[in-house]
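Peer 1: Structure supplied as data18.tsv; contents: TSV, C-alpha atoms.
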chain	number	residue	atom	x	y	z
V	38	THR	CA	23.06	-14.18	-12.09
V	39	SER	CA	19.66	-14.67	-13.70
V	40	LEU	CA	20.36	-12.16	-16.46
V	41	TRP	CA	23.79	-13.73	-17.13
V	42	LEU	CA	22.22	-17.19	-17.41
V	43	MET	CA	19.56	-15.83	-19.77
V	44	MET	CA	22.24	-14.34	-22.04
V	45	GLU	CA	24.16	-17.64	-22.08
V	46	LEU	CA	21.04	-19.62	-22.99
V	47	ASP	CA	20.08	-17.07	-25.59
V	48	SER	CA	23.51	-17.19	-27.25
V	49	ARG	CA	23.32	-21.01	-27.55
V	50	SER	CA	19.75	-21.13	-28.81
V	51	PRO	CA	18.82	-20.87	-32.51
V	52	THR	CA	17.94	-17.36	-33.66
V	53	SER	CA	15.27	-18.51	-36.09
V	54	ASP	CA	11.82	-17.19	-35.17
V	55	ARG	CA	10.34	-20.41	-36.55
V	56	GLU	CA	12.32	-22.57	-34.12
V	57	MET	CA	11.48	-20.24	-31.27
V	58	HIS	CA	7.74	-20.48	-31.87
V	59	GLU	CA	8.03	-24.26	-32.08
V	60	GLY	CA	8.68	-24.21	-28.34
V	61	ASN	CA	12.36	-25.20	-28.13
V	62	PHE	CA	13.84	-25.80	-24.70
V	63	SER	CA	15.82	-22.55	-24.58
V	64	GLY	CA	12.72	-20.44	-25.18
V	65	GLN	CA	10.88	-22.16	-22.35
V	66	MET	CA	13.85	-21.82	-20.03
V	67	LEU	CA	14.15	-18.10	-20.78
V	68	GLU	CA	10.50	-17.58	-19.96
V	69	VAL	CA	10.89	-19.45	-16.65
V	70	ILE	CA	13.83	-17.26	-15.68
V	71	MET	CA	11.97	-14.10	-16.72
V	72	GLY	CA	9.20	-15.14	-14.36
V	73	MET	CA	11.66	-14.71	-11.47
V	74	LEU	CA	12.47	-11.09	-12.35
V	75	ASP	CA	10.90	-8.00	-10.82
V	76	PRO	CA	8.62	-5.87	-13.06
V	77	ARG	CA	11.31	-3.25	-13.76
V	78	SER	CA	13.88	-5.82	-14.90
V	79	LEU	CA	11.25	-7.67	-16.94
V	80	ALA	CA	10.32	-4.46	-18.75
V	81	ARG	CA	13.98	-3.83	-19.55
V	82	CYS	CA	14.23	-7.24	-21.21
V	83	THR	CA	11.93	-6.01	-23.98
V	84	ALA	CA	14.72	-3.72	-25.26
V	85	VAL	CA	17.38	-6.45	-25.64
V	86	SER	CA	16.27	-8.07	-28.89
V	87	ARG	CA	13.17	-9.04	-30.83
V	88	ARG	CA	13.26	-12.52	-29.34
V	89	TRP	CA	13.49	-11.23	-25.78
V	90	ASN	CA	10.83	-8.66	-26.54
V	91	SER	CA	8.39	-11.37	-27.56
V	92	LEU	CA	9.11	-13.47	-24.47
V	93	ALA	CA	9.12	-10.57	-21.99
V	94	ARG	CA	5.68	-9.41	-23.18
V	95	SER	CA	4.09	-12.77	-22.37
V	96	GLY	CA	0.60	-12.42	-20.96
V	97	ARG	CA	1.23	-15.17	-18.43
V	98	LEU	CA	4.16	-13.30	-16.88
V	99	TRP	CA	2.40	-9.95	-16.53
V	100	HIS	CA	-0.90	-11.54	-15.46
V	101	SER	CA	0.90	-13.31	-12.58
V	102	LEU	CA	2.50	-9.98	-11.57
V	103	CYS	CA	-0.92	-8.28	-11.58
V	104	ARG	CA	-2.35	-11.02	-9.38
V	105	LEU	CA	0.61	-10.82	-7.02
V	106	ARG	CA	0.57	-7.01	-6.69
V	107	TRP	CA	-3.15	-6.19	-6.66
V	108	LYS	CA	-4.68	-9.58	-5.72
V	109	ILE	CA	-7.00	-9.46	-8.71
V	110	LYS	CA	-8.90	-12.60	-9.72
V	111	THR	CA	-9.60	-11.71	-13.33
V	112	PRO	CA	-8.88	-14.65	-15.71
V	113	ILE	CA	-6.01	-14.18	-18.14
V	114	SER	CA	-8.41	-14.28	-21.10
V	115	ARG	CA	-10.40	-11.23	-19.88
V	116	VAL	CA	-7.68	-8.64	-20.29
V	117	ARG	CA	-10.02	-6.20	-22.07
V	118	VAL	CA	-11.96	-5.70	-18.84
V	119	TYR	CA	-9.32	-3.12	-17.93
V	120	GLY	CA	-9.46	-1.37	-21.32
V	121	ASP	CA	-6.07	-2.58	-22.60
V	122	LYS	CA	-4.99	-5.23	-25.08
V	123	SER	CA	-2.14	-6.79	-23.09
V	124	TRP	CA	-1.45	-7.56	-19.45
V	125	MET	CA	1.79	-5.63	-19.65
V	126	LYS	CA	-0.16	-2.45	-20.44
V	127	VAL	CA	-2.67	-3.29	-17.70
V	128	TYR	CA	0.14	-3.58	-15.15
V	129	HIS	CA	1.68	-0.23	-16.03
V	130	SER	CA	-1.74	1.43	-16.22
V	131	LEU	CA	-2.73	0.28	-12.72
V	132	ALA	CA	0.71	1.23	-11.38
V	133	ASP	CA	0.49	4.74	-12.87
V	134	ARG	CA	-2.96	5.22	-11.33
V	135	MET	CA	-1.65	4.19	-7.90
V	136	ARG	CA	-4.25	1.47	-7.48
V	137	MET	CA	-4.34	0.08	-3.95
V	138	PRO	CA	-4.01	-3.73	-3.59
V	139	LYS	CA	-7.13	-5.64	-2.67
V	140	GLY	CA	-7.27	-7.25	0.74
V	141	TYR	CA	-8.48	-6.88	4.30
V	142	TYR	CA	-9.21	-3.17	4.96
V	143	THR	CA	-8.15	-2.34	1.39
V	144	GLY	CA	-11.22	-3.18	-0.67
V	145	GLN	CA	-12.34	-1.42	-3.82
V	146	ARG	CA	-14.74	0.72	-1.79
V	147	SER	CA	-12.02	2.06	0.48
V	148	ARG	CA	-11.71	5.81	0.03
V	149	VAL	CA	-8.11	7.00	-0.31
V	150	PHE	CA	-7.51	10.54	0.93
V	151	ALA	CA	-3.71	10.63	0.58
V	152	PHE	CA	-1.22	8.69	-1.51
V	153	GLY	CA	2.39	8.85	-2.59
V	154	ARG	CA	5.35	6.91	-3.96
V	155	HIS	CA	8.94	7.20	-2.78
V	156	SER	CA	12.01	4.95	-2.46
V	157	GLY	CA	10.24	1.99	-4.04
V	158	VAL	CA	7.36	2.16	-1.54
V	159	ASP	CA	3.72	3.05	-2.29
V	160	LEU	CA	1.69	4.67	0.48
V	161	TRP	CA	-2.09	5.15	0.86
V	162	VAL	CA	-4.03	6.75	3.70
V	163	SER	CA	-7.69	5.97	4.38
V	164	VAL	CA	-10.04	6.44	7.34
V	165	ALA	CA	-11.89	3.90	9.46
V	166	HIS	CA	-15.22	5.66	8.97
V	167	ARG	CA	-17.99	5.90	11.53
V	168	SER	CA	-21.66	5.91	10.60
V	169	ASP	CA	-22.03	9.60	11.51
V	170	CYS	CA	-18.54	10.54	10.18
V	171	SER	CA	-17.61	12.01	13.56
V	172	LEU	CA	-14.26	11.76	15.30
V	173	VAL	CA	-13.79	9.21	18.05
V	174	SER	CA	-14.28	10.61	21.55
V	175	ASN	CA	-11.60	9.70	24.06
V	176	PRO	CA	-12.76	8.90	27.63
V	177	ASP	CA	-9.86	10.99	28.94
V	178	GLY	CA	-11.04	13.97	26.91
V	179	GLY	CA	-10.53	15.24	23.36
V	180	ARG	CA	-11.19	13.66	19.97
V	181	MET	CA	-9.19	11.51	17.58
V	182	VAL	CA	-9.48	9.97	14.12
V	183	ARG	CA	-8.48	6.43	13.23
V	184	LEU	CA	-6.30	6.29	10.12
V	185	ARG	CA	-5.38	3.19	8.15
V	186	ILE	CA	-2.04	3.45	6.36
V	187	THR	CA	-1.32	0.93	3.60
V	188	ILE	CA	2.33	0.35	2.65
V	189	GLN	CA	3.37	-1.73	-0.36
V	190	ASN	CA	6.91	-2.64	-1.39
V	191	THR	CA	7.25	-2.15	-5.18
V	192	HIS	CA	11.05	-2.50	-5.14
V	193	HIS	CA	13.14	-5.66	-5.53
V	194	ALA	CA	14.66	-5.08	-2.08
V	195	THR	CA	13.17	-6.04	1.28
V	196	VAL	CA	11.31	-3.43	3.33
V	197	GLN	CA	10.70	-3.75	7.06
V	198	VAL	CA	8.02	-1.89	9.01
V	199	ASN	CA	8.04	-1.93	12.81
V	200	THR	CA	5.36	0.05	14.63
V	201	LYS	CA	7.57	0.32	17.72
V	202	SER	CA	10.42	1.98	15.83
V	203	THR	CA	8.57	3.52	12.89
V	204	GLY	CA	7.62	7.16	13.20
V	205	ILE	CA	4.31	8.42	11.78
V	206	LEU	CA	4.34	12.18	11.25
V	207	LEU	CA	1.38	14.28	10.12
V	208	LEU	CA	1.98	17.78	8.74
V	209	LYS	CA	-0.98	20.16	8.95
V	210	LYS	CA	-1.55	23.09	6.59
V	211	CYS	CA	-1.07	25.45	9.52
V	212	GLY	CA	2.53	24.22	9.82
V	213	THR	CA	2.27	22.01	12.90
V	214	LEU	CA	3.94	18.60	12.81
V	215	GLU	CA	2.35	15.91	14.98
V	216	ASN	CA	2.97	12.27	15.74
V	217	ALA	CA	0.46	9.49	16.19
V	218	ILE	CA	-0.96	8.85	19.67
V	219	GLY	CA	1.20	6.36	21.54
V	220	ASP	CA	3.91	6.47	18.86
V	221	HIS	CA	7.10	5.13	20.41
V	222	LYS	CA	9.37	6.92	17.95
V	223	THR	CA	8.80	10.63	18.43
V	224	ASP	CA	10.64	13.40	16.65
V	225	ALA	CA	12.14	16.46	18.31
V	226	ARG	CA	10.19	18.66	15.92
V	227	CYS	CA	6.86	17.06	16.84
V	228	ILE	CA	4.52	19.21	18.89
V	229	ASP	CA	2.00	17.83	21.37
V	230	HIS	CA	-0.48	20.32	19.98
V	231	TYR	CA	-3.26	19.00	22.18
V	232	THR	CA	-2.55	18.99	25.88
V	233	TRP	CA	-5.02	16.19	26.48
V	234	LYS	CA	-2.60	13.79	24.76
V	235	LYS	CA	-0.33	14.09	27.77
V	236	SER	CA	-3.15	13.26	30.15
V	237	ILE	CA	-4.05	9.96	28.48
V	238	ARG	CA	-3.45	7.03	30.80
V	239	ALA	CA	-0.42	4.91	30.06
V	240	SER	CA	-2.55	1.78	29.64
V	241	ARG	CA	-4.89	3.54	27.21
V	242	ARG	CA	-1.99	5.11	25.32
V	243	LYS	CA	-0.56	1.63	24.81
V	244	LYS	CA	-3.86	0.42	23.36
V	245	LEU	CA	-4.02	3.41	21.02
V	246	ALA	CA	-0.45	2.96	19.78
V	247	PRO	CA	0.02	2.23	16.04
V	248	ARG	CA	-0.33	-1.46	15.24
V	249	ILE	CA	-0.31	-3.73	12.20
V	250	VAL	CA	-3.82	-5.00	11.44
V	251	ALA	CA	-3.32	-6.73	8.06
V	252	LEU	CA	-0.44	-8.34	6.16
V	253	ASN	CA	-0.53	-9.26	2.47
V	254	GLY	CA	-4.30	-8.96	2.37
V	255	ARG	CA	-5.02	-11.02	5.50
V	256	LYS	CA	-6.10	-9.81	8.91
V	257	VAL	CA	-3.63	-10.30	11.75
V	258	GLU	CA	-4.55	-10.19	15.42
V	259	ARG	CA	-1.13	-10.19	17.05
V	260	LEU	CA	2.04	-9.89	15.02
V	261	PRO	CA	5.23	-10.87	16.92
V	262	GLY	CA	7.21	-7.73	17.63
V	263	GLN	CA	4.77	-5.71	15.54
V	264	THR	CA	7.24	-6.11	12.65
V	265	ALA	CA	6.20	-6.72	9.03
V	266	THR	CA	8.90	-7.83	6.59
V	267	LEU	CA	7.71	-7.06	3.08
V	268	GLY	CA	9.22	-8.86	0.13
V	269	PRO	CA	8.71	-7.63	-3.45
V	270	LEU	CA	5.06	-6.52	-3.94
V	271	GLY	CA	4.18	-7.35	-0.32
V	272	PHE	CA	1.94	-4.93	1.59
V	273	THR	CA	0.68	-4.27	5.09
V	274	VAL	CA	-1.88	-2.03	6.83
V	275	ILE	CA	-1.08	0.04	9.94
V	276	GLU	CA	-3.81	1.49	12.13
V	277	ALA	CA	-2.94	4.74	13.93
V	278	TYR	CA	-4.88	7.31	15.95
V	279	MET	CA	-4.29	11.03	15.37
V	280	ALA	CA	-5.54	13.76	17.71
V	281	GLY	CA	-7.98	16.35	16.37
V	282	ARG	CA	-10.11	19.24	17.49
V	283	GLU	CA	-12.60	18.94	14.64
V	284	CYS	CA	-16.01	17.31	14.96
V	285	PHE	CA	-16.18	15.45	11.64
V	286	GLU	CA	-13.77	13.50	9.47
V	287	PRO	CA	-13.74	15.80	6.38
V	288	GLU	CA	-13.02	18.80	8.59
V	289	PHE	CA	-9.96	16.98	9.95
V	290	LEU	CA	-8.80	15.75	6.52
V	291	GLU	CA	-9.02	19.13	4.80
V	292	ARG	CA	-6.53	20.55	7.34
V	293	CYS	CA	-3.92	17.86	6.57
V	294	LEU	CA	-1.12	18.43	4.07
V	295	ARG	CA	1.01	15.28	4.05
V	296	LEU	CA	1.82	12.18	6.07
V	297	GLN	CA	5.29	10.70	6.43
V	298	LEU	CA	6.18	7.21	7.57
V	299	LYS	CA	9.71	6.28	8.60
V	300	GLY	CA	10.93	2.74	8.03
V	301	ARG	CA	13.97	0.91	6.73
V	302	ALA	CA	14.94	-1.24	3.77
V	303	THR	CA	17.77	-3.56	2.78
V	304	THR	CA	19.26	-4.52	-0.55
V	305	SER	CA	18.71	-8.18	0.30
V	306	SER	CA	16.02	-9.75	-1.89
V	307	LYS	CA	16.35	-13.37	-0.70
V	308	GLY	CA	13.35	-13.67	1.59
V	309	ARG	CA	13.93	-12.62	5.18
V	310	PRO	CA	17.16	-10.66	5.72
V	311	ASN	CA	19.80	-12.07	8.06
V	312	GLU	CA	21.67	-10.40	10.87
V	313	GLY	CA	24.44	-9.21	8.55
V	314	SER	CA	22.08	-7.36	6.20
V	315	LYS	CA	22.80	-3.68	5.73
V	316	TRP	CA	19.79	-1.43	6.29
V	317	TYR	CA	19.15	2.11	5.12
V	318	PRO	CA	16.32	4.42	6.22
V	319	ILE	CA	13.33	5.25	4.02
V	320	ALA	CA	10.68	7.91	4.54
V	321	PRO	CA	7.81	7.66	2.03
V	322	ILE	CA	5.41	10.61	1.96
V	323	ALA	CA	1.68	10.63	1.11
V	324	GLN	CA	0.17	13.89	-0.14
V	325	PHE	CA	-3.43	14.58	0.86
V	326	CYS	CA	-6.04	15.31	-1.80
V	327	ASP	CA	-7.48	18.78	-2.28
V	328	ASP	CA	-10.58	19.89	-0.41
V	329	GLY	CA	-12.96	19.24	-3.30
V	330	GLU	CA	-11.78	15.65	-3.68
V	331	ILE	CA	-12.25	15.05	0.06
V	332	TRP	CA	-15.68	16.63	0.45
V	333	LYS	CA	-17.21	14.84	-2.55
V	334	HIS	CA	-17.36	11.66	-0.45
V	335	PHE	CA	-19.40	13.32	2.33
V	336	SER	CA	-22.80	15.03	2.57
V	337	ARG	CA	-24.17	17.31	5.26
V	338	LEU	CA	-27.65	16.88	6.71
V	339	PRO	CA	-29.85	19.58	8.28
V	340	GLY	CA	-28.86	20.11	11.87
V	341	GLY	CA	-25.12	19.74	11.29
V	342	CYS	CA	-24.96	15.95	10.93
V	343	MET	CA	-22.93	14.26	8.17
V	344	TYR	CA	-22.86	10.92	6.40
V	345	LEU	CA	-20.64	9.11	3.92
V	346	ASN	CA	-22.07	8.96	0.41
V	347	ASP	CA	-21.12	5.31	-0.02
V	348	LEU	CA	-22.85	3.65	2.93
V	349	ASP	CA	-21.79	0.21	1.71
V	350	GLU	CA	-18.21	1.05	2.67
V	351	ILE	CA	-19.22	1.58	6.31
V	352	ARG	CA	-21.15	-1.70	6.30
V	353	ASP	CA	-18.14	-3.54	4.87
V	354	GLN	CA	-15.86	-2.06	7.52
V	355	GLU	CA	-18.25	-3.04	10.31
V	356	ARG	CA	-18.51	-6.59	8.98
V	357	GLN	CA	-14.72	-6.86	8.67
V	358	GLU	CA	-14.21	-5.68	12.24
V	359	LYS	CA	-16.73	-8.26	13.44
V	360	GLY	CA	-14.94	-10.99	11.47
V	361	PHE	CA	-17.61	-11.74	8.89
V	362	LEU	CA	-15.36	-11.00	5.88
Kindly return the structure encoded in the file as structure tokens.

Peer 2:
Amino acid sequence: TSLWLMMELDSRSPTSDREMHEGNFSGQMLEVIMGMLDPRSLARCTAVSRRWNSLARSGRLWHSLCRLRWKIKTPISRVRVYGDKSWMKVYHSLADRMRMPKGYYTGQRSRVFAFGRHSGVDLWVSVAHRSDCSLVSNPDGGRMVRLRITIQNTHHATVQVNTKSTGILLLKKCGTLENAIGDHKTDARCIDHYTWKKSIRASRRKKLAPRIVALNGRKVERLPGQTATLGPLGFTVIEAYMAGRECFEPEFLERCLRLQLKGRATTSSKGRPNEGSKWYPIAPIAQFCDDGEIWKHFSRLPGGCMYLNDLDEIRDQERQEKGFL
């Protein structure tokens, strides 16, 4: 409907470049309608005509998309900070580099160890680091690592993530496929590789179950139904515990191959979907970095201890968990 209205307005407007630059009503209306389009449709408008190309490349349109997707606060006049001459090029450059949006638990210092893009969904995997980079010890026995999974909807459709029905699967390089601790949606192929997972108390397993900790850059304490409905460019952070036999975080990460998250999406793009919306499953996959990329963030001390090279990241995480940021 928006594209049809744009074509009607364009056919009635004067074709003179001089009249267009004088700011006639049709040119302003076209720009307003283009501001309602998703990035993919807006980029396609540049191939319609010279007039549409000029309007679709507007710095105001692409700057607003950059602010919406990555939560950047850079003024529109400082486009050269990112090394490009236009905000359209900045948008595509950041998208190609898989930049993670800025928000709670997703700051610039967050180290990403796995990322991927599939079905209009971007996926990043980071770790809630400890000061000594060791795995969390469970009172019932065994060790575990706390992962933070960031999901962003880059499609025009609506994506829904529910921790009670969403499966989180981790594939190790040895071929074992494991699910998160306390994950309600288990797969028949999943293997309880560590017997201590079965011995965890039901109350503790419930506390360790995957949960949504941030939505669109803001921290959330209790989300009703643990369901996040993501509109275009919306994102959320899921915290999940994975079992491990290793002592330190890099030793666990170097044995991981990929992480898969199962959710669902709908073709509805009008805010929250209704009961009659048709859903289809999605399963974005994040590929882990190679060993060299993982180990460059850690250093080993004499005696077998380890530490994260960027200590400011640990301090930021501790302050966020205490509610200071």

Peer 1: Quick one: which region 244-298 of chain V residues come within 12 Å of region 332-342 of chain V, and what is the nearest atom pair for each with the distance in Å to one decimal, counting all atoms listed in the file, rows ordered by chain and ascending number, as a Markdown table?

Peer 2:
| residue | atom | partner | partner_atom | distance |
| --- | --- | --- | --- | --- |
| V:Cys284 | CA | V:Cys342 | CA | 9.9 |
| V:Phe285 | CA | V:Cys342 | CA | 8.8 |
| V:Glu286 | CA | V:Phe335 | CA | 9.1 |
| V:Pro287 | CA | V:Trp332 | CA | 6.3 |
| V:Glu288 | CA | V:Trp332 | CA | 8.8 |
| V:Phe289 | CA | V:Trp332 | CA | 11.1 |
| V:Leu290 | CA | V:Trp332 | CA | 9.2 |
| V:Glu291 | CA | V:Trp332 | CA | 8.3 |

Peer 1: Which of these residues is nearest to Tyr344 (chain V), using all atoms listed in the file: V:Cys170, V:Leu298, V:Ala277, V:Ala165?

Peer 2: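 The shortest atom-to-atom distance to Tyr344 (chain V) comes from V:Cys170.
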
Peer 1: Give me, as CSV, each residue of region 126-205 of chain V that comes within 7 Å of region 242-260 of chain V, together with its shortest interatomic pair and the distance in Å at one decimal, counting only C-alpha atoms, with rows ordered by chain and rising residue number.

Peer 2:
residue,atom,partner,partner_atom,distance
V:Lys139,CA,V:Gly254,CA,6.7
V:Gly140,CA,V:Gly254,CA,3.8
V:Tyr141,CA,V:Gly254,CA,5.1
V:Thr200,CA,V:Arg248,CA,5.9

Peer 1: Give the answer as one residue: which of V:Ile188, V:Leu345, V:Cys326, V:Leu67 has the shortest atom-to-atom distance to Gly268 (chain V), using all atoms listed in the file?

Peer 2: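 Among V:Ile188, V:Leu345, V:Cys326, V:Leu67, it is V:Ile188 that comes nearest to Gly268 (chain V).
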
Peer 1: Can you tell me how far CA of Tyr119 (chain V) sits from CA of Arg148 (chain V), in Å to one decimal?

Peer 2: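 According to the coordinates, CA of Tyr119 (chain V) and CA of Arg148 (chain V) are separated by 20.2 Å.
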
Peer 1: Closest to Ala151 (chain V) among V:Trp89, V:Tyr128, V:Trp107, V:Phe325, using only C-alpha atoms?

Peer 2: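 Closest candidate: V:Phe325.
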
Peer 1: With distances taken over all atoms listed in the file, which residue among V:Ile275, V:Ile218, V:Ala265, V:Val198 lies nearest Met181 (chain V)?

Peer 2: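 Looking only at the distances to Met181 (chain V), the closest residue turns out to be V:Ile218.
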
Peer 1: Which is closest to Ser163 (chain V) among V:Arg180, V:Arg87, V:Arg185, V:His193, if we use only C-alpha atoms?

Peer 2: V:Arg185

Peer 1: In Å, how far is it from CA of Thr143 (chain V) to CA of Val274 (chain V)?

Peer 2: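 It comes out at 8.3 Å.
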
Peer 1: Near His192 (chain V), within 12 Å and counting only C-alpha atoms, which residues show up once chain neighbours fewer than 3 positions away are dropped, as a PyMOL selection string?

Peer 2: chain V and resi 74-78+106+154-159+189+195-196+267-272+302-306

Peer 1: Can you tell me how far CA of Ser171 (chain V) sits from CA of Glu283 (chain V), in Å to one decimal?

Peer 2: 8.6 Å

Peer 1: Given the choices V:Thr203, V:Thr264, V:Thr213, V:Thr273, which gets closest to Cys293 (chain V) if the distance is worked out from all atoms listed in the file?

Peer 2: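 The closest residue to Cys293 (chain V) is V:Thr213.
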
Peer 1: With the input short on atoms, add N, CA and C atoms back to region 119-132 of chain V and write it as a CSV table (one decimal), keeping the file's coordinate frame.

Peer 2:
chain,number,residue,atom,x,y,z
V,119,TYR,N,-10.0,-4.3,-18.4
V,119,TYR,CA,-9.3,-3.1,-17.9
V,119,TYR,C,-9.1,-2.1,-19.0
V,120,GLY,N,-9.6,-2.3,-20.2
V,120,GLY,CA,-9.5,-1.4,-21.3
V,120,GLY,C,-8.2,-1.4,-22.1
V,121,ASP,N,-7.3,-2.4,-21.9
V,121,ASP,CA,-6.1,-2.6,-22.6
V,121,ASP,C,-6.0,-3.9,-23.3
V,122,LYS,N,-5.1,-4.0,-24.3
V,122,LYS,CA,-5.0,-5.2,-25.1
V,122,LYS,C,-4.0,-6.3,-24.5
V,123,SER,N,-3.1,-5.9,-23.6
V,123,SER,CA,-2.1,-6.8,-23.1
V,123,SER,C,-2.0,-6.6,-21.6
V,124,TRP,N,-1.6,-7.6,-20.9
V,124,TRP,CA,-1.4,-7.6,-19.4
V,124,TRP,C,-0.3,-6.7,-19.1
V,125,MET,N,0.7,-6.5,-19.9
V,125,MET,CA,1.8,-5.6,-19.6
V,125,MET,C,1.3,-4.2,-19.6
V,126,LYS,N,0.4,-3.8,-20.5
V,126,LYS,CA,-0.2,-2.4,-20.4
V,126,LYS,C,-1.1,-2.3,-19.2
V,127,VAL,N,-1.8,-3.4,-18.9
V,127,VAL,CA,-2.7,-3.3,-17.7
V,127,VAL,C,-1.8,-3.1,-16.4
V,128,TYR,N,-0.7,-3.7,-16.3
V,128,TYR,CA,0.1,-3.6,-15.2
V,128,TYR,C,0.6,-2.1,-15.0
V,129,HIS,N,1.2,-1.6,-16.1
V,129,HIS,CA,1.7,-0.2,-16.0
V,129,HIS,C,0.6,0.8,-15.8
V,130,SER,N,-0.6,0.5,-16.4
V,130,SER,CA,-1.7,1.4,-16.2
V,130,SER,C,-2.2,1.5,-14.8
V,131,LEU,N,-2.3,0.3,-14.1
V,131,LEU,CA,-2.7,0.3,-12.7
V,131,LEU,C,-1.6,0.9,-11.8
V,132,ALA,N,-0.4,0.7,-12.2
V,132,ALA,CA,0.7,1.2,-11.4
V,132,ALA,C,0.7,2.8,-11.5
